[in-house]
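Trainee: So that you have it, the file is input-v2.txt, and it contains compact mmCIF, C-alpha atoms and all ligand atoms:
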# COMPACT_ATOMS: atom_id res chain seq x y z
CA MET A 73 -25.04 -116.82 14.96
CA LEU A 74 -28.14 -119.02 14.95
CA GLN A 75 -27.71 -121.81 12.43
CA PRO A 76 -30.65 -123.80 11.10
CA THR A 77 -30.62 -127.57 11.39
CA PRO A 78 -30.03 -128.86 7.84
CA VAL A 79 -33.07 -130.67 6.49
CA LEU A 80 -31.96 -131.65 3.00
CA LYS A 81 -28.85 -133.63 3.99
CA GLY A 82 -29.14 -137.26 2.89
CA LYS A 83 -32.56 -136.61 1.38
CA ASP A 84 -33.53 -138.12 -1.93
CA TYR A 85 -34.13 -135.52 -4.67
CA ARG A 86 -37.73 -136.68 -5.01
CA GLU A 87 -38.31 -135.92 -1.32
CA VAL A 88 -37.19 -132.35 -1.98
CA LEU A 89 -39.57 -132.14 -4.91
CA ILE A 90 -42.37 -133.30 -2.61
CA ARG A 91 -41.52 -130.59 -0.07
CA GLU A 92 -41.86 -127.98 -2.81
CA LEU A 93 -45.05 -129.56 -4.16
CA GLU A 94 -46.61 -129.62 -0.71
CA ALA A 95 -46.03 -125.86 -0.58
CA GLY A 96 -47.88 -125.38 -3.88
CA LYS A 97 -44.74 -125.01 -6.02
CA ILE A 98 -44.11 -126.71 -9.36
CA PRO A 99 -40.43 -127.54 -8.81
CA ILE A 100 -38.82 -127.38 -12.23
CA SER A 101 -35.09 -126.78 -12.40
CA LEU A 102 -32.62 -125.59 -15.02
CA GLY A 103 -29.88 -127.55 -13.29
CA LYS A 104 -27.63 -124.50 -13.22
CA LYS A 105 -27.55 -120.92 -12.00
CA CYS A 106 -29.84 -118.49 -13.71
CA PRO A 107 -28.07 -117.47 -16.93
CA VAL A 108 -29.94 -114.15 -17.13
CA GLN A 109 -27.74 -112.73 -14.34
CA CYS A 110 -29.85 -109.66 -13.60
CA GLU A 111 -27.89 -107.17 -11.52
CA PHE A 112 -30.79 -106.75 -9.09
CA CYS A 113 -31.48 -110.47 -8.59
CA TYR A 114 -32.37 -111.21 -4.96
CA GLU A 115 -30.92 -114.68 -5.40
CA LEU A 116 -27.36 -113.41 -5.91
CA ASP A 117 -26.86 -114.22 -2.27
CA HIS A 118 -29.15 -116.97 -1.01
CA SER A 119 -26.61 -118.18 1.55
CA TYR A 120 -29.02 -117.45 4.40
CA ARG A 121 -31.08 -120.53 3.54
CA GLU A 122 -30.26 -124.14 2.78
CA THR A 123 -30.74 -124.93 -0.89
CA LEU A 124 -30.11 -127.93 -3.05
CA GLU A 125 -28.20 -127.98 -6.34
CA PRO A 126 -30.89 -129.78 -8.30
CA PRO A 127 -30.31 -131.54 -11.60
CA LYS A 128 -32.08 -130.33 -14.73
CA THR A 129 -35.68 -131.53 -14.67
CA THR A 130 -36.19 -134.52 -16.92
CA GLN A 131 -39.35 -135.73 -18.64
CA GLU A 132 -39.52 -138.48 -16.01
CA ASP A 133 -39.33 -135.89 -13.17
CA TRP A 134 -42.03 -133.88 -14.90
CA GLU A 135 -44.35 -136.89 -15.11
CA PHE A 136 -43.80 -137.47 -11.39
CA ILE A 137 -44.59 -133.79 -10.67
CA LEU A 138 -47.72 -133.75 -12.83
CA ASP A 139 -48.98 -136.99 -11.35
CA TYR A 140 -48.41 -135.68 -7.80
CA ILE A 141 -50.30 -132.46 -8.57
CA ASN A 142 -53.15 -134.36 -10.18
CA LYS A 143 -53.71 -136.35 -7.00
CA LYS A 144 -54.24 -133.17 -4.99
CA PRO A 145 -57.78 -131.84 -4.63
CA THR A 146 -58.58 -128.83 -6.79
CA ASP A 147 -59.07 -125.53 -5.02
CA PRO A 148 -60.40 -122.94 -7.49
CA MET A 149 -58.69 -120.21 -5.46
CA GLN A 150 -55.29 -121.88 -5.58
CA PHE A 151 -52.72 -121.05 -8.24
CA TRP A 152 -49.86 -123.54 -8.47
CA CYS A 153 -46.66 -121.59 -8.67
CA LEU A 154 -44.09 -122.24 -11.38
CA GLY A 155 -40.98 -120.62 -9.89
CA GLY A 156 -40.31 -119.27 -6.44
CA ASN A 157 -38.89 -122.56 -5.19
CA GLU A 158 -37.94 -122.67 -1.53
CA TYR A 159 -35.28 -125.39 -1.47
CA MET A 160 -33.97 -124.83 -4.98
CA GLU A 161 -32.44 -121.59 -6.17
CA TRP A 162 -34.68 -119.27 -8.17
CA THR A 163 -34.07 -119.10 -11.90
CA ASP A 164 -36.13 -118.03 -14.87
CA LEU A 165 -37.75 -121.39 -15.47
CA PHE A 166 -38.91 -120.51 -18.94
CA LEU A 167 -35.32 -121.06 -20.03
CA HIS A 168 -35.94 -124.76 -19.59
CA PRO A 169 -36.38 -126.05 -23.16
CA LYS A 170 -39.50 -127.99 -22.14
CA ALA A 171 -41.15 -125.21 -20.12
CA MET A 172 -43.79 -124.22 -22.69
CA GLU A 173 -44.66 -127.84 -23.39
CA TRP A 174 -45.04 -128.54 -19.67
CA VAL A 175 -47.20 -125.46 -19.13
CA GLU A 176 -49.50 -126.85 -21.82
CA ASP A 177 -49.44 -130.30 -20.16
CA PHE A 178 -50.41 -128.71 -16.86
CA LEU A 179 -53.38 -126.92 -18.42
CA LYS A 180 -54.46 -129.95 -20.42
CA TYR A 181 -54.03 -132.74 -17.89
CA THR A 182 -55.05 -130.98 -14.67
CA ASP A 183 -58.01 -128.78 -13.81
CA LYS A 184 -55.86 -126.52 -11.64
CA ASN A 185 -54.66 -122.94 -12.02
CA LEU A 186 -51.15 -121.79 -12.71
CA THR A 187 -49.15 -118.70 -11.77
CA PHE A 188 -45.70 -117.90 -13.09
CA PHE A 189 -43.11 -115.15 -13.38
CA THR A 190 -40.63 -114.63 -16.13
CA VAL A 191 -38.62 -111.78 -17.58
CA GLY A 192 -40.30 -112.69 -20.86
CA PHE A 193 -38.85 -115.97 -22.17
CA VAL A 194 -42.22 -117.24 -23.33
CA HIS A 195 -43.04 -118.38 -26.79
CA VAL A 196 -45.28 -115.98 -28.69
CA PRO A 197 -47.92 -116.69 -30.01
CA LYS A 198 -48.17 -119.99 -28.04
CA ILE A 199 -48.63 -118.28 -24.68
CA HIS A 200 -51.49 -116.14 -26.03
CA GLN A 201 -53.13 -119.19 -27.56
CA LEU A 202 -52.97 -121.02 -24.21
CA ALA A 203 -54.36 -118.02 -22.33
CA ALA A 204 -57.28 -117.82 -24.78
CA GLN A 205 -57.87 -121.58 -24.68
CA TYR A 206 -57.82 -121.81 -20.87
CA PRO A 207 -59.37 -118.54 -19.68
CA GLY A 208 -58.88 -117.69 -16.00
CA ARG A 209 -56.42 -120.54 -15.42
CA ILE A 210 -53.20 -118.58 -15.99
CA ASN A 211 -51.80 -115.79 -13.86
CA PHE A 212 -48.80 -114.56 -15.80
CA GLU A 213 -46.67 -111.94 -14.06
CA LEU A 214 -44.28 -110.42 -16.54
CA SER A 215 -41.16 -108.99 -14.90
CA ALA A 216 -40.60 -106.14 -17.33
CA ILE A 217 -38.43 -104.31 -14.72
CA THR A 218 -37.66 -101.38 -17.03
CA LEU A 219 -37.95 -100.54 -20.70
CA SER A 220 -35.61 -97.58 -20.30
CA ASP A 221 -31.90 -97.32 -21.13
CA TYR A 222 -31.19 -98.84 -17.69
CA ARG A 223 -32.42 -102.17 -19.03
CA GLN A 224 -29.14 -102.94 -20.76
CA LYS A 225 -27.18 -102.34 -17.56
CA LEU A 226 -29.54 -104.16 -15.21
CA MET A 227 -30.49 -107.17 -17.31
CA PRO A 228 -28.17 -107.47 -20.32
CA HIS A 229 -29.21 -111.08 -21.02
CA ALA A 230 -32.96 -110.57 -20.80
CA PRO A 231 -35.29 -110.52 -23.83
CA ALA A 232 -35.35 -107.35 -25.92
CA VAL A 233 -38.07 -104.74 -25.43
CA LYS A 234 -39.41 -105.61 -28.87
CA HIS A 235 -40.10 -109.17 -27.74
CA LEU A 236 -41.67 -107.92 -24.50
CA MET A 237 -44.12 -105.85 -26.51
CA LYS A 238 -45.22 -108.98 -28.36
CA VAL A 239 -45.67 -110.81 -25.06
CA LEU A 240 -47.80 -107.94 -23.80
CA ASP A 241 -49.87 -107.73 -26.96
CA GLY A 242 -52.54 -110.35 -26.27
CA PRO A 243 -54.47 -112.02 -23.47
CA ALA A 244 -51.56 -113.78 -21.70
CA VAL A 245 -50.07 -111.22 -19.28
CA SER A 246 -52.08 -110.63 -16.09
CA ALA A 247 -49.65 -108.18 -14.48
CA ALA A 248 -46.48 -106.43 -15.61
CA ASN A 249 -44.06 -105.24 -12.95
CA PHE A 250 -41.64 -102.40 -13.54
CA TYR A 251 -39.93 -99.80 -11.38
CA ALA A 252 -38.74 -96.24 -10.93
CA PHE A 253 -35.03 -95.63 -11.47
CA ASP A 254 -34.93 -92.05 -12.68
CA VAL A 255 -37.16 -89.35 -14.11
CA TYR A 256 -39.44 -90.66 -16.91
CA THR A 257 -38.63 -94.32 -16.35
CA MET A 258 -41.61 -95.91 -14.57
CA SER A 259 -44.06 -93.31 -15.88
CA LYS A 260 -42.92 -93.73 -19.48
CA ASP A 261 -43.06 -97.53 -19.17
CA ALA A 262 -46.59 -97.34 -17.75
CA VAL A 263 -47.80 -95.36 -20.76
CA THR A 264 -45.99 -97.68 -23.21
CA ILE A 265 -47.30 -100.88 -21.60
CA SER A 266 -50.81 -99.51 -21.28
CA GLY A 267 -50.69 -98.55 -24.96
CA VAL A 268 -50.22 -102.23 -25.84
CA ASN A 269 -52.26 -103.87 -23.09
CA GLN A 270 -55.01 -102.05 -21.22
CA LYS A 271 -56.06 -105.06 -19.18
CA CYS A 272 -52.91 -106.12 -17.36
CA VAL A 273 -52.27 -104.77 -13.89
CA LEU A 274 -49.41 -102.27 -13.78
CA TRP A 275 -47.42 -103.33 -10.71
CA MET A 276 -44.95 -100.60 -9.88
CA GLY A 277 -42.66 -99.18 -7.21
CA CYS A 278 -38.97 -99.38 -6.43
CA LEU A 279 -36.56 -102.24 -6.13
CA THR A 280 -35.11 -102.62 -2.64
CA PRO A 281 -31.35 -103.21 -2.37
CA VAL A 282 -30.43 -106.38 -0.49
CA ARG A 283 -27.09 -107.88 0.52
CA GLY A 284 -24.85 -109.03 -2.31
CA LEU A 285 -25.79 -106.43 -4.92
CA LYS A 286 -23.14 -104.26 -6.52
CA GLU A 287 -22.84 -100.78 -5.03
CA ASP A 288 -23.80 -98.97 -8.22
CA THR A 289 -26.87 -101.19 -8.66
CA ALA A 290 -27.96 -100.48 -5.09
CA ALA A 291 -27.36 -96.76 -5.71
CA LEU A 292 -29.58 -96.88 -8.79
CA MET A 293 -32.36 -98.52 -6.78
CA ARG A 294 -32.06 -95.82 -4.12
CA GLN A 295 -32.14 -93.15 -6.80
CA GLY A 296 -35.40 -94.71 -8.01
CA ARG A 297 -36.90 -94.29 -4.55
CA LYS A 298 -36.26 -90.55 -4.80
CA PHE A 299 -38.10 -90.33 -8.10
CA LEU A 300 -40.99 -92.56 -7.05
CA PRO A 301 -43.32 -89.72 -5.91
CA GLU A 302 -43.06 -87.65 -9.08
CA GLU A 303 -43.17 -90.70 -11.31
CA ALA A 304 -46.28 -91.99 -9.52
CA GLN A 305 -47.94 -88.58 -9.79
CA ARG A 306 -47.35 -88.56 -13.56
CA ILE A 307 -49.04 -91.94 -13.92
CA TYR A 308 -51.92 -90.84 -11.70
CA ASP A 309 -52.39 -87.74 -13.87
CA ALA A 310 -52.26 -89.82 -17.05
CA GLY A 311 -55.44 -91.65 -15.92
CA LEU A 312 -54.54 -94.94 -17.61
CA PRO A 313 -57.32 -97.53 -17.94
CA ASN A 314 -55.24 -100.32 -16.32
CA MET A 315 -55.39 -101.24 -12.67
CA THR A 316 -52.32 -99.62 -11.12
CA THR A 317 -50.52 -100.65 -7.95
CA ILE A 318 -47.55 -99.43 -5.94
CA HIS A 319 -46.60 -101.72 -3.15
CA THR A 320 -43.04 -102.71 -3.05
CA GLU A 321 -41.79 -100.39 -0.34
CA ALA A 322 -42.48 -101.32 3.28
CA TYR A 323 -42.53 -97.77 4.62
CA ILE A 324 -45.37 -96.89 2.24
CA THR A 325 -47.39 -100.01 3.03
CA ALA A 326 -46.97 -99.44 6.78
CA PHE A 327 -48.05 -95.81 6.57
CA LEU A 328 -51.09 -96.52 4.41
CA ASN A 329 -52.14 -99.18 6.90
CA ARG A 330 -51.29 -97.16 10.00
CA LYS A 331 -54.82 -97.23 11.44
CA ARG A 332 -55.06 -101.00 11.12
CA ILE A 333 -51.57 -101.48 12.60
CA VAL A 334 -52.43 -99.29 15.57
CA SER A 335 -55.81 -100.94 16.18
CA LEU A 336 -54.24 -104.38 16.01
CA PHE A 337 -51.56 -103.26 18.43
CA ASP A 338 -54.26 -101.98 20.83
CA SER A 339 -56.10 -105.28 20.63
CA LEU A 340 -52.98 -107.08 21.88
CA GLU A 341 -53.44 -105.38 25.27
CA LEU A 342 -49.74 -105.30 26.00
CA ASP A 343 -48.23 -103.74 29.06
CA LYS A 344 -45.80 -100.79 28.99
CA LYS A 345 -42.96 -103.05 29.97
CA ASP A 346 -43.65 -105.72 27.36
CA THR A 347 -41.01 -105.97 24.65
CA VAL A 348 -42.35 -106.34 21.11
CA VAL A 349 -40.16 -107.28 18.13
CA MET A 350 -40.70 -105.37 14.85
CA ALA A 351 -38.93 -104.11 11.72
CA GLY A 352 -38.28 -100.44 10.95
CA SER A 353 -41.50 -99.18 9.34
CA VAL A 354 -43.81 -100.63 11.96
CA TYR A 355 -41.45 -99.27 14.62
CA LYS A 356 -41.91 -95.78 13.16
CA ILE A 357 -45.72 -96.08 13.02
CA LEU A 358 -46.00 -97.27 16.59
CA THR A 359 -43.53 -94.64 17.81
CA MET A 360 -45.68 -91.99 16.11
CA TYR A 361 -49.01 -93.18 17.47
CA ARG A 362 -48.40 -95.33 20.54
CA LYS A 363 -45.14 -94.09 22.03
CA ASN A 364 -44.31 -95.69 25.40
CA ARG A 365 -47.32 -98.03 25.30
CA ALA A 366 -44.90 -100.95 25.15
CA ARG A 367 -41.19 -101.38 24.58
CA PHE A 368 -40.70 -101.49 20.82
CA LEU A 369 -37.65 -103.55 19.96
CA TYR A 370 -36.53 -102.43 16.53
CA VAL A 371 -34.83 -105.30 14.73
CA PRO A 372 -33.02 -104.54 11.43
CA ASN A 373 -33.30 -107.15 8.66
CA ALA A 374 -29.58 -107.94 9.02
CA THR A 375 -29.85 -111.36 7.33
CA LEU A 376 -31.23 -109.97 4.09
CA GLY A 377 -29.17 -106.82 4.53
CA GLY A 378 -29.27 -103.81 2.22
CA ASP A 379 -32.36 -101.68 2.80
CA SER A 380 -34.69 -104.58 3.69
CA ASP A 381 -37.40 -103.51 6.09
CA CYS A 382 -39.99 -106.17 6.72
CA THR A 383 -41.20 -107.91 9.87
CA VAL A 384 -42.25 -111.02 7.89
CA LEU A 385 -38.67 -111.43 6.66
CA LEU A 386 -36.93 -111.01 10.02
CA THR A 387 -34.95 -114.01 11.18
CA PHE A 388 -34.42 -115.34 14.68
CA ASP A 389 -30.76 -114.53 14.22
CA ASP A 390 -31.68 -110.90 13.53
CA VAL A 391 -33.71 -110.87 16.74
CA ALA A 392 -30.99 -112.59 18.79
CA ARG A 393 -28.48 -109.91 17.75
CA CYS A 394 -30.70 -107.19 19.20
CA LEU A 395 -31.29 -108.77 22.60
CA THR A 396 -29.73 -107.14 25.64
CA LYS A 397 -31.25 -108.07 28.98
CA GLU A 398 -34.70 -109.23 27.90
CA LYS A 399 -36.13 -112.28 29.61
CA VAL A 400 -39.42 -112.33 27.71
CA ILE A 401 -40.15 -110.97 24.24
CA HIS A 402 -43.29 -110.83 22.10
CA VAL A 403 -42.70 -111.95 18.53
CA PRO A 404 -45.22 -111.62 15.67
CA LYS A 405 -46.26 -114.99 14.32
CA CYS A 406 -45.50 -113.91 10.73
CA VAL A 407 -41.76 -114.15 11.53
CA MET A 408 -42.16 -117.91 11.94
CA GLN A 409 -44.54 -118.70 9.08
CA SER A 410 -41.99 -118.97 6.31
CA GLY A 411 -42.03 -121.37 3.39
CA ARG A 412 -39.57 -123.52 5.39
CA GLY A 413 -42.33 -124.77 7.67
CA PRO A 414 -44.35 -123.83 10.75
CA TYR A 415 -42.54 -121.99 13.55
CA MET A 416 -39.49 -121.53 11.31
CA ASP A 417 -38.03 -118.30 9.98
CA ILE A 418 -36.93 -117.77 6.35
CA ALA A 419 -33.48 -119.20 7.14
CA GLY A 420 -34.95 -122.39 8.59
CA VAL A 421 -34.20 -121.67 12.28
CA THR A 422 -37.01 -122.85 14.53
CA LEU A 423 -38.59 -121.03 17.43
CA GLU A 424 -37.46 -123.88 19.65
CA GLU A 425 -33.81 -123.43 18.58
CA PHE A 426 -34.06 -119.70 19.24
CA ILE A 427 -35.39 -120.25 22.75
CA ARG A 428 -32.81 -122.92 23.50
CA LYS A 429 -29.87 -120.78 22.35
CA THR A 430 -30.94 -117.43 23.77
CA ARG A 431 -32.80 -118.66 26.89
CA VAL A 432 -35.33 -115.92 26.27
CA LYS A 433 -39.01 -116.72 26.68
CA VAL A 434 -41.10 -115.99 23.59
CA LYS A 435 -44.74 -115.04 23.54
CA VAL A 436 -46.05 -115.46 20.02
CA LEU A 437 -48.37 -112.69 18.81
CA HIS A 438 -50.74 -114.94 16.87
CA LYS A 439 -52.87 -112.10 15.56
CA ILE A 440 -49.93 -110.68 13.59
CA ASP A 441 -49.73 -113.43 11.03
CA THR A 442 -48.97 -113.57 7.30
CA THR A 443 -52.67 -113.33 6.45
CA PHE A 444 -52.77 -109.97 8.23
CA ALA A 445 -49.53 -108.84 6.54
CA ASN A 446 -50.69 -109.88 3.05
CA LYS A 447 -54.05 -108.20 3.48
CA ARG A 448 -52.25 -104.99 4.40
CA LEU A 449 -49.93 -105.28 1.40
CA TYR A 450 -52.70 -105.78 -1.14
CA GLY A 451 -55.58 -103.91 0.49
CA LYS A 452 -54.07 -100.46 0.16
CA GLY A 453 -51.64 -101.12 -2.63
CA SER A 454 -53.20 -99.07 -5.41
CA LEU A 455 -51.54 -96.08 -7.02
CA LYS A 456 -54.61 -94.07 -5.97
CA HIS A 457 -53.99 -94.87 -2.29
CA TYR A 458 -50.34 -93.93 -2.64
CA VAL A 459 -51.00 -90.59 -4.33
CA GLU A 460 -54.07 -89.57 -2.32
CA ASP A 461 -53.20 -90.86 1.12
CA TYR A 462 -49.41 -90.89 1.09
CA LEU A 463 -48.06 -88.19 -1.19
CA SER A 464 -50.82 -85.72 -0.34
CA ASN A 465 -50.70 -86.40 3.38
CA PRO A 466 -48.78 -83.74 5.39
CA LEU A 467 -47.93 -86.38 8.00
CA THR A 468 -45.66 -88.29 5.64
CA HIS A 469 -42.89 -85.69 6.01
CA SER A 470 -42.60 -86.24 9.75
CA TYR A 471 -43.03 -89.98 9.25
CA GLU A 472 -40.19 -90.21 6.75
CA ALA A 473 -38.00 -87.99 8.93
CA LEU A 474 -38.42 -90.27 11.96
CA SER A 475 -35.33 -92.33 12.60
CA VAL A 476 -34.96 -95.81 13.97
CA PRO A 477 -32.48 -96.50 16.81
CA ALA A 478 -28.87 -96.81 15.62
S1 LIG A 501 -34.21 -113.83 -14.50
FE1 LIG A 501 -34.99 -113.80 -12.40
S2 LIG A 501 -33.87 -115.43 -11.35
FE2 LIG A 501 -32.76 -114.98 -13.25
S3 LIG A 501 -31.16 -113.51 -12.68
FE3 LIG A 501 -32.96 -112.36 -13.40
S4 LIG A 501 -34.14 -111.91 -11.52
FE4 LIG A 501 -32.70 -113.56 -11.02
Please lay out the structure from this file as structure tokens.
Mentor:
Amino acid sequence: MLQPTPVLKGKDYREVLIRELEAGKIPISLGKKCPVQCEFCYELDHSYRETLEPPKTTQEDWEFILDYINKKPTDPMQFWCLGGNEYMEWTDLFLHPKAMEWVEDFLKYTDKNLTFFTVGFVHVPKIHQLAAQYPGRINFELSAITLSDYRQKLMPHAPAVKHLMKVLDGPAVSAANFYAFDVYTMSKDAVTISGVNQKCVLWMGCLTPVRGLKEDTAALMRQGRKFLPEEAQRIYDAGLPNMTTIHTEAYITAFLNRKRIVSLFDSLELDKKDTVVMAGSVYKILTMYRKNRARFLYVPNATLGGDSDCTVLLTFDDVARCLTKEKVIHVPKCVMQSGRGPYMDIAGVTLEEFIRKTRVKVKVLHKIDTTFANKRLYGKGSLKHYVEDYLSNPLTHSYEALSVPA
């Protein structure tokens, strides 16, 4: 097993804060595990990466954070991210008693933009007042998840639907994400949310099971995948005024971007004998369209486990486990562009460590970077693309039926 070299050991807490800040994060901490305890939380098992047990953020820490951010040049395209810490476990940061006050400080004392996620622990009407007072500065992604009866099972400690409706009713929410679990779950939620807020983006799809989730929770997510097509079709037919997106499932994203994936592959000018590392969906696309044009090394996302299927989230350990006799492999650059640092995977293992341990030569495919991957994710992520080019496409049946090597 490839172990990352620890980087936090002996480090001062402030140094860790600086690491997060340098990555565009606003590193607030609750000082404890997330009390919401959602059954689907991807942080239930974060053992694959080194994290720090940070103390609860104090006013003094906050002043340090704000001062640090203020010294950075303002990029109008940049949104500083409250949440999504790399070295500190994810929690719903709006449970910090000072969170609303600090959001206001950020808007008042900096000229920068802010993005945040929460399951809804914001103060109403304060959040609407701030959104109206600082137009365009807040990107608020509300994790609604589901308004259906499954809500109680999946997120028993989250805010009630009634509160969520108040959060949605006003200018604050930029996007609301929610998912298919059964018949009339996602589609019903879309109509309800759109009835309250016609401007927010409806960000939909399925939740993907990862390692550490309970079996019945994973089964519910998989059930949602089965209902996704009919649920999406209902929303398409409803013709809601909101912008609507479906892009949480890798196999859909890969199929919708098949032409771009194939043309990028062609531009790499690889030889038949070259071995290229990739996750499942890309493997299927290239097997469909470019069979035998190179040796496609399918690598499962074993570190994240569950049904994960994403080249960006592959680890060097995942790759090492799939090696047999290879002397040289081609690895997409996106595998080593994680938040941990350059040429590091999401677990913190470096390319250098991988080469040293496996003695395999790596040729980095620089064209397949995170910019390419993100463009593919967002470019064809609308509900319209999914319904018109995925569900209505006769090729999807053979695509979904294709298997990856055991
Ligand atoms: S609120 Fe967010 S961080 Fe907390 S348990 Fe739920 S999904 Fe995880």
Trainee: Excluding region 175-180 of chain A and residues on its chain fewer than 4 positions from it, collect all residues at most 12 Å away from it, counting all atoms listed in the file, and give them as a ChimeraX atom specification.
Mentor: /A:98,100,131,134-135,137-142,151-154,165-166,168-171,184-188,194-195,198-212
Trainee: Can you tell me, as a list in words, which residues sit within 12 Å of (-28.9, -126.9, -5.3) in the file's frame, using only C-alpha atoms?
Mentor: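 Those residues, ordered by chain and then number, are Leu80, Lys81, Tyr85, Val88, Leu89, Ser101, Leu102, Gly103, Lys104, Lys105, Cys106, His118, Ser119, Arg121, Glu122, Thr123, Leu124, Glu125, Pro126, Pro127, Lys128, Asn157, Glu158, Tyr159, Met160, Glu161, Trp162 and Thr163 of chain A.
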Trainee: Enter the distance from CA of Ala290 (chain A) to CA of Ser380 (chain A), in Å, rounded to one decimal.
Mentor: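 Distance between the two atoms: 11.8 Å.
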Trainee: Which distance in Å separates CA of Tyr323 (chain A) and CA of Thr443 (chain A), to one decimal?
Mentor: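 Those two atoms sit 18.7 Å apart.
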Trainee: Ala310 (chain A): which residues within 10 Å, counting all atoms listed in the file, same-chain residues fewer than 6 positions away excluded, as JSON, numbers by chain?
Mentor: {"A": [259, 262, 263, 304]}
Trainee: How would the residues just chosen look if you wrote them out with C-alpha atoms as a JSON list (two decimals), in the frame of the given file?
Mentor:
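Wrote selection04.json, looks like this:
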[["chain", "number", "residue", "atom", "x", "y", "z"],
["A", 259, "SER", "CA", -44.06, -93.31, -15.88],
["A", 262, "ALA", "CA", -46.59, -97.34, -17.75],
["A", 263, "VAL", "CA", -47.80, -95.36, -20.76],
["A", 304, "ALA", "CA", -46.28, -91.99, -9.52]]
Trainee: Counting all atoms listed in the file, which residue out of A:Val436, A:Tyr308, A:Val354, A:Phe136 sits closest to Ile90 (chain A)?
Mentor: A:Phe136
Trainee: Considering only C-alpha atoms, can you say which of A:Lys345, A:His438, A:Arg412, A:His319 comes closest to Ser454 (chain A)?
Mentor: A:His319
Trainee: List all protein, DNA and RNA residues that have any atom at most 12 Å from ligand LIG 501 (chain A), counting only C-alpha atoms and all ligand atoms, and write the list as a PDB file with C-alpha atoms, in the coordinates of the input.
Mentor:
ATOM      1  CA  SER A 101     -35.090-126.780 -12.400  1.00  0.00           C
ATOM      2  CA  LEU A 102     -32.620-125.590 -15.020  1.00  0.00           C
ATOM      3  CA  LYS A 104     -27.630-124.500 -13.220  1.00  0.00           C
ATOM      4  CA  LYS A 105     -27.550-120.920 -12.000  1.00  0.00           C
ATOM      5  CA  CYS A 106     -29.840-118.490 -13.710  1.00  0.00           C
ATOM      6  CA  PRO A 107     -28.070-117.470 -16.930  1.00  0.00           C
ATOM      7  CA  VAL A 108     -29.940-114.150 -17.130  1.00  0.00           C
ATOM      8  CA  GLN A 109     -27.740-112.730 -14.340  1.00  0.00           C
ATOM      9  CA  CYS A 110     -29.850-109.660 -13.600  1.00  0.00           C
ATOM     10  CA  GLU A 111     -27.890-107.170 -11.520  1.00  0.00           C
ATOM     11  CA  PHE A 112     -30.790-106.750  -9.090  1.00  0.00           C
ATOM     12  CA  CYS A 113     -31.480-110.470  -8.590  1.00  0.00           C
ATOM     13  CA  TYR A 114     -32.370-111.210  -4.960  1.00  0.00           C
ATOM     14  CA  GLU A 115     -30.920-114.680  -5.400  1.00  0.00           C
ATOM     15  CA  LEU A 116     -27.360-113.410  -5.910  1.00  0.00           C
ATOM     16  CA  ASP A 117     -26.860-114.220  -2.270  1.00  0.00           C
ATOM     17  CA  HIS A 118     -29.150-116.970  -1.010  1.00  0.00           C
ATOM     18  CA  GLY A 155     -40.980-120.620  -9.890  1.00  0.00           C
ATOM     19  CA  GLY A 156     -40.310-119.270  -6.440  1.00  0.00           C
ATOM     20  CA  ASN A 157     -38.890-122.560  -5.190  1.00  0.00           C
ATOM     21  CA  MET A 160     -33.970-124.830  -4.980  1.00  0.00           C
ATOM     22  CA  GLU A 161     -32.440-121.590  -6.170  1.00  0.00           C
ATOM     23  CA  TRP A 162     -34.680-119.270  -8.170  1.00  0.00           C
ATOM     24  CA  THR A 163     -34.070-119.100 -11.900  1.00  0.00           C
ATOM     25  CA  ASP A 164     -36.130-118.030 -14.870  1.00  0.00           C
ATOM     26  CA  LEU A 165     -37.750-121.390 -15.470  1.00  0.00           C
ATOM     27  CA  PHE A 166     -38.910-120.510 -18.940  1.00  0.00           C
ATOM     28  CA  LEU A 167     -35.320-121.060 -20.030  1.00  0.00           C
ATOM     29  CA  PHE A 188     -45.700-117.900 -13.090  1.00  0.00           C
ATOM     30  CA  PHE A 189     -43.110-115.150 -13.380  1.00  0.00           C
ATOM     31  CA  THR A 190     -40.630-114.630 -16.130  1.00  0.00           C
ATOM     32  CA  VAL A 191     -38.620-111.780 -17.580  1.00  0.00           C
ATOM     33  CA  GLY A 192     -40.300-112.690 -20.860  1.00  0.00           C
ATOM     34  CA  PHE A 193     -38.850-115.970 -22.170  1.00  0.00           C
ATOM     35  CA  GLU A 213     -46.670-111.940 -14.060  1.00  0.00           C
ATOM     36  CA  LEU A 214     -44.280-110.420 -16.540  1.00  0.00           C
ATOM     37  CA  SER A 215     -41.160-108.990 -14.900  1.00  0.00           C
ATOM     38  CA  ALA A 216     -40.600-106.140 -17.330  1.00  0.00           C
ATOM     39  CA  ILE A 217     -38.430-104.310 -14.720  1.00  0.00           C
ATOM     40  CA  ARG A 223     -32.420-102.170 -19.030  1.00  0.00           C
ATOM     41  CA  LEU A 226     -29.540-104.160 -15.210  1.00  0.00           C
ATOM     42  CA  MET A 227     -30.490-107.170 -17.310  1.00  0.00           C
ATOM     43  CA  PRO A 228     -28.170-107.470 -20.320  1.00  0.00           C
ATOM     44  CA  HIS A 229     -29.210-111.080 -21.020  1.00  0.00           C
ATOM     45  CA  ALA A 230     -32.960-110.570 -20.800  1.00  0.00           C
ATOM     46  CA  PRO A 231     -35.290-110.520 -23.830  1.00  0.00           C
ATOM     47  CA  LEU A 279     -36.560-102.240  -6.130  1.00  0.00           C
ATOM     48  CA  LEU A 285     -25.790-106.430  -4.920  1.00  0.00           C
TER      49      LEU A 285
END
Trainee: Could you give me the centre and size, in Å to one decimal, of an axis-aligned box around all listed atoms of region 233-248 of chain A with 5 Å added on every side, as lines of an AutoDock Vina configuration file?
Mentor:
center_x = -46.3
center_y = -109.3
center_z = -21.7
size_x = 26.4
size_y = 19.0
size_z = 24.4
